[in-house]
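Reading through the structure tokens given below for one structure.
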Amino acid sequence: MNLPPLFRLLLILAALPAILPAAEPKSAEKTDAVKRHPLKGVITSVNAEKSALMVKHEAIPGVMGAMTMMFKVDAATLKAAQQGRAITGQMSRQGSSWVLEDVKFLPATKS
Ligand SMILES: [Cu+2]
């Protein structure tokens with residue numbers, strides 16, 4: 001078969017979409033690409049039902065200003081969390097939730 005070069009190029013281009021998606025990470029594997037930002041704040045309330053903490057956090061440069069908002073946390077953090085406790089952690093957007101990981105409890109300050 002002696003195809004014109006342009007036609008051969010078209011055949012290759014037509015085949016590309018079938019090849020490329022396999023090389024792209026699936027959405028389920030996107031967690032590796034999650035951007036985490038250091039956060040410092042105070043727990044204003046603990047919401048066990050939602051496995052979340054309300055945290056009054058300091059400004060996170062380039063991400064958001066100081067505010068009080070909800071963060072999903074793991075079970076161990078939820079259990080240890082106390083209202084009024086100062087914390088640091090790594091915040092990230094995961095799906096439709098904000099998540100706080102690597103939470104460390106700071107020595108209690110004035111209430
Ligand atoms: Cu915020």
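Ordered as shown in the structure tokens, chains take letters A, B, and onward, while each chain numbers its residues from 1 and ligands are numbered from 1 in the order shown.
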- Item | strand (DSSP E) call set, DSSP backbone run, segment 39-93 of chain A, as an NGL selection string | :A and (39-47 or 52-57 or 67-72 or 86-93)
For segment 66-77 of chain A, work out the shell of residues within 8 Å, counting only C-alpha atoms and skipping chain neighbours fewer than 6 positions away, then give it as a CSV table (one decimal) with all heavy atoms, in the first residue's frame.
```csv
chain,number,residue,atom,x,y,z
A,50,LYS,N,-20.7,15.6,60.7
A,50,LYS,CA,-20.1,15.8,59.4
A,50,LYS,C,-18.6,15.5,59.4
A,50,LYS,O,-17.9,15.7,58.4
A,50,LYS,CB,-20.3,17.2,59.0
A,50,LYS,CG,-21.7,17.5,58.7
A,50,LYS,CD,-21.9,18.9,58.1
A,50,LYS,CE,-23.4,19.2,57.8
A,50,LYS,NZ,-23.6,20.6,57.4
A,51,SER,N,-18.1,14.9,60.5
A,51,SER,CA,-16.7,14.7,60.6
A,51,SER,C,-15.9,15.9,60.2
A,51,SER,O,-14.9,15.8,59.4
A,51,SER,CB,-16.3,13.5,59.7
A,51,SER,OG,-14.9,13.1,60.0
A,52,ALA,N,-16.3,17.0,60.8
A,52,ALA,CA,-15.7,18.3,60.4
A,52,ALA,C,-15.5,19.2,61.6
A,52,ALA,O,-16.1,19.1,62.6
A,52,ALA,CB,-16.6,19.0,59.3
A,53,LEU,N,-14.6,20.2,61.4
A,53,LEU,CA,-14.3,21.2,62.3
A,53,LEU,C,-14.6,22.6,61.7
A,53,LEU,O,-14.3,22.8,60.5
A,53,LEU,CB,-12.8,21.2,62.8
A,53,LEU,CG,-12.3,19.9,63.3
A,53,LEU,CD1,-10.8,20.1,63.6
A,53,LEU,CD2,-13.0,19.4,64.5
A,54,MET,N,-15.2,23.5,62.5
A,54,MET,CA,-15.3,24.9,62.1
A,54,MET,C,-14.0,25.5,62.6
A,54,MET,O,-13.7,25.4,63.8
A,54,MET,CB,-16.5,25.5,62.7
A,54,MET,CG,-17.8,25.2,62.0
A,54,MET,SD,-17.9,25.7,60.3
A,54,MET,CE,-18.1,27.5,60.5
A,55,VAL,N,-13.3,26.1,61.7
A,55,VAL,CA,-12.0,26.7,62.1
A,55,VAL,C,-12.0,28.2,61.7
A,55,VAL,O,-12.2,28.5,60.5
A,55,VAL,CB,-10.8,25.9,61.4
A,55,VAL,CG1,-9.5,26.6,61.8
A,55,VAL,CG2,-10.8,24.5,61.9
A,56,LYS,N,-11.6,29.0,62.7
A,56,LYS,CA,-11.3,30.4,62.4
A,56,LYS,C,-9.9,30.5,62.0
A,56,LYS,O,-9.0,30.4,62.9
A,56,LYS,CB,-11.7,31.3,63.6
A,56,LYS,CG,-11.5,32.8,63.3
A,56,LYS,CD,-11.9,33.6,64.6
A,56,LYS,CE,-11.7,35.1,64.4
A,56,LYS,NZ,-11.9,35.8,65.6
A,57,HIS,N,-9.6,30.6,60.7
A,57,HIS,CA,-8.2,30.5,60.3
A,57,HIS,C,-7.6,31.9,59.9
A,57,HIS,O,-8.3,32.8,59.5
A,57,HIS,CB,-8.0,29.5,59.2
A,57,HIS,CG,-8.6,29.9,57.9
A,57,HIS,ND1,-8.1,30.8,57.0
A,57,HIS,CD2,-9.8,29.4,57.2
A,57,HIS,CE1,-8.8,30.9,55.9
A,57,HIS,NE2,-9.9,30.0,56.0
A,58,GLU,N,-6.3,32.0,59.9
A,58,GLU,CA,-5.6,33.2,59.5
A,58,GLU,C,-5.6,33.2,57.9
A,58,GLU,O,-5.9,32.2,57.3
A,58,GLU,CB,-4.2,33.2,60.0
A,58,GLU,CG,-4.1,33.3,61.5
A,58,GLU,CD,-2.7,33.3,62.1
A,58,GLU,OE1,-1.7,33.1,61.3
A,58,GLU,OE2,-2.5,33.4,63.3
A,59,ALA,N,-5.2,34.3,57.4
A,59,ALA,CA,-5.2,34.4,55.9
A,59,ALA,C,-4.2,33.4,55.4
A,59,ALA,O,-3.1,33.1,56.0
A,59,ALA,CB,-4.8,35.8,55.5
A,60,ILE,N,-4.5,32.9,54.2
A,60,ILE,CA,-3.6,31.9,53.5
A,60,ILE,C,-3.2,32.6,52.2
A,60,ILE,O,-4.1,32.7,51.3
A,60,ILE,CB,-4.3,30.6,53.2
A,60,ILE,CG1,-4.7,30.0,54.6
A,60,ILE,CG2,-3.4,29.6,52.5
A,60,ILE,CD1,-5.9,29.1,54.5
A,97,SER,N,-15.3,19.4,49.1
A,97,SER,CA,-15.0,19.7,50.5
A,97,SER,C,-13.6,20.3,50.7
A,97,SER,O,-12.7,20.0,49.9
A,97,SER,CB,-15.1,18.5,51.4
A,97,SER,OG,-16.3,17.8,51.3
A,98,TRP,N,-13.5,21.1,51.7
A,98,TRP,CA,-12.2,21.5,52.2
A,98,TRP,C,-11.8,20.5,53.3
A,98,TRP,O,-12.5,20.2,54.1
A,98,TRP,CB,-12.2,23.0,52.8
A,98,TRP,CG,-12.4,24.0,51.7
A,98,TRP,CD1,-13.5,24.6,51.3
A,98,TRP,CD2,-11.3,24.5,50.9
A,98,TRP,NE1,-13.2,25.5,50.3
A,98,TRP,CE2,-11.9,25.5,50.0
A,98,TRP,CE3,-9.9,24.3,50.9
A,98,TRP,CZ2,-11.2,26.2,49.1
A,98,TRP,CZ3,-9.2,25.1,49.9
A,98,TRP,CH2,-9.8,26.0,49.1
A,99,VAL,N,-10.5,20.1,53.2
A,99,VAL,CA,-10.0,19.1,54.1
A,99,VAL,C,-8.8,19.6,54.8
A,99,VAL,O,-8.0,20.3,54.3
A,99,VAL,CB,-9.6,17.8,53.3
A,99,VAL,CG1,-9.0,16.8,54.1
A,99,VAL,CG2,-10.8,17.2,52.5
A,100,LEU,N,-8.7,19.3,56.1
A,100,LEU,CA,-7.6,19.6,56.9
A,100,LEU,C,-6.8,18.4,57.4
A,100,LEU,O,-7.4,17.5,58.0
A,100,LEU,CB,-8.0,20.5,58.1
A,100,LEU,CG,-7.0,21.3,58.8
A,100,LEU,CD1,-6.3,22.3,57.8
A,100,LEU,CD2,-7.6,22.1,59.9
A,101,GLU,N,-5.6,18.3,57.0
A,101,GLU,CA,-4.8,17.1,57.3
A,101,GLU,C,-3.5,17.5,58.1
A,101,GLU,O,-3.2,18.7,58.2
A,101,GLU,CB,-4.3,16.4,56.0
A,101,GLU,CG,-5.5,15.9,55.2
A,101,GLU,CD,-5.1,15.5,53.8
A,101,GLU,OE1,-4.5,16.4,53.1
A,101,GLU,OE2,-5.3,14.3,53.4
A,103,VAL,N,-3.1,17.7,61.2
A,103,VAL,CA,-3.5,18.7,62.2
A,103,VAL,C,-2.6,18.5,63.5
A,103,VAL,O,-2.5,17.4,64.0
A,103,VAL,CB,-5.0,18.5,62.6
A,103,VAL,CG1,-5.4,19.4,63.7
A,103,VAL,CG2,-5.8,18.8,61.4
```
- Do you know which residues are at most 6 Å from Leu39 of chain A counting only C-alpha atoms, after dropping those on the same chain fewer than 4 positions away, and could you put them as JSON, numbers by chain? {"A": [88, 89, 90]}
Convert the current residue selection to file output with N, CA, C and O atoms, as a tab-separated table (two decimals), in the first residue's frame.
```
chain	number	residue	atom	x	y	z
A	88	THR	N	-2.58	23.92	63.87
A	88	THR	CA	-2.00	24.11	62.54
A	88	THR	C	-2.36	22.87	61.73
A	88	THR	O	-2.70	21.82	62.30
A	89	GLY	N	-2.32	23.00	60.42
A	89	GLY	CA	-2.62	21.85	59.58
A	89	GLY	C	-2.34	22.17	58.12
A	89	GLY	O	-1.86	23.26	57.80
A	90	GLN	N	-2.63	21.20	57.28
A	90	GLN	CA	-2.47	21.37	55.84
A	90	GLN	C	-3.85	21.32	55.22
A	90	GLN	O	-4.52	20.30	55.28
```
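DSSP, applied to the backbone of this structure, assigns alpha helix (DSSP H) to the following residues of chain A: Pro5, Leu6, Phe7, Arg8, Leu9, Leu10, Leu11, Ile12, Leu13, Ala14, Ala15, Leu16, Pro17, Ala18, Ile19, Leu20, Pro21, Ala22, Ala23, Ala75, Ala76, Thr77, Leu78, Lys79 and Ala80 of chain A.
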- Task: Rank nothing, just name the residue among A:Leu3, A:Val46, A:Met91, A:Leu78 nearest to ligand 1, using only C-alpha atoms and all ligand atoms.
- Result: A:Met91
- Can you work out the spacing between atom CA of Gln94 of chain A and atom CA of Lys35 of chain A in Å, to one decimal?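 So the answer is 9.2 Å.
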- Point-to-point distance from atom CA of Pro107 of chain A to atom CA of Val34 of chain A, Å rounded to tenths: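 Going from atom CA of Pro107 of chain A over to atom CA of Val34 of chain A, I get 29.1 Å.
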- Which of A:Ala48, A:Val63, A:Ile43, A:Gly95 sits closest to Lys79 of chain A [using only C-alpha atoms]: A:Ala48
- Calculate how many Å separate atom CA of His37 of chain A from atom CA of Glu49 of chain A, rounding to one decimal.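 Separating atom CA of His37 of chain A from atom CA of Glu49 of chain A is a distance of 25.2 Å.
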- Given only C-alpha atoms and all ligand atoms as the counted atoms, nearest of A:Asn2, A:Gly65, A:Lys40, A:Leu13 to ligand 1: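 Result for the nearest residue to ligand 1: A:Gly65.
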- Counting only C-alpha atoms and all ligand atoms, closest pick from A:Pro61, A:Ala86, A:Ala81, A:Leu11 relative to ligand 1 is A:Pro61
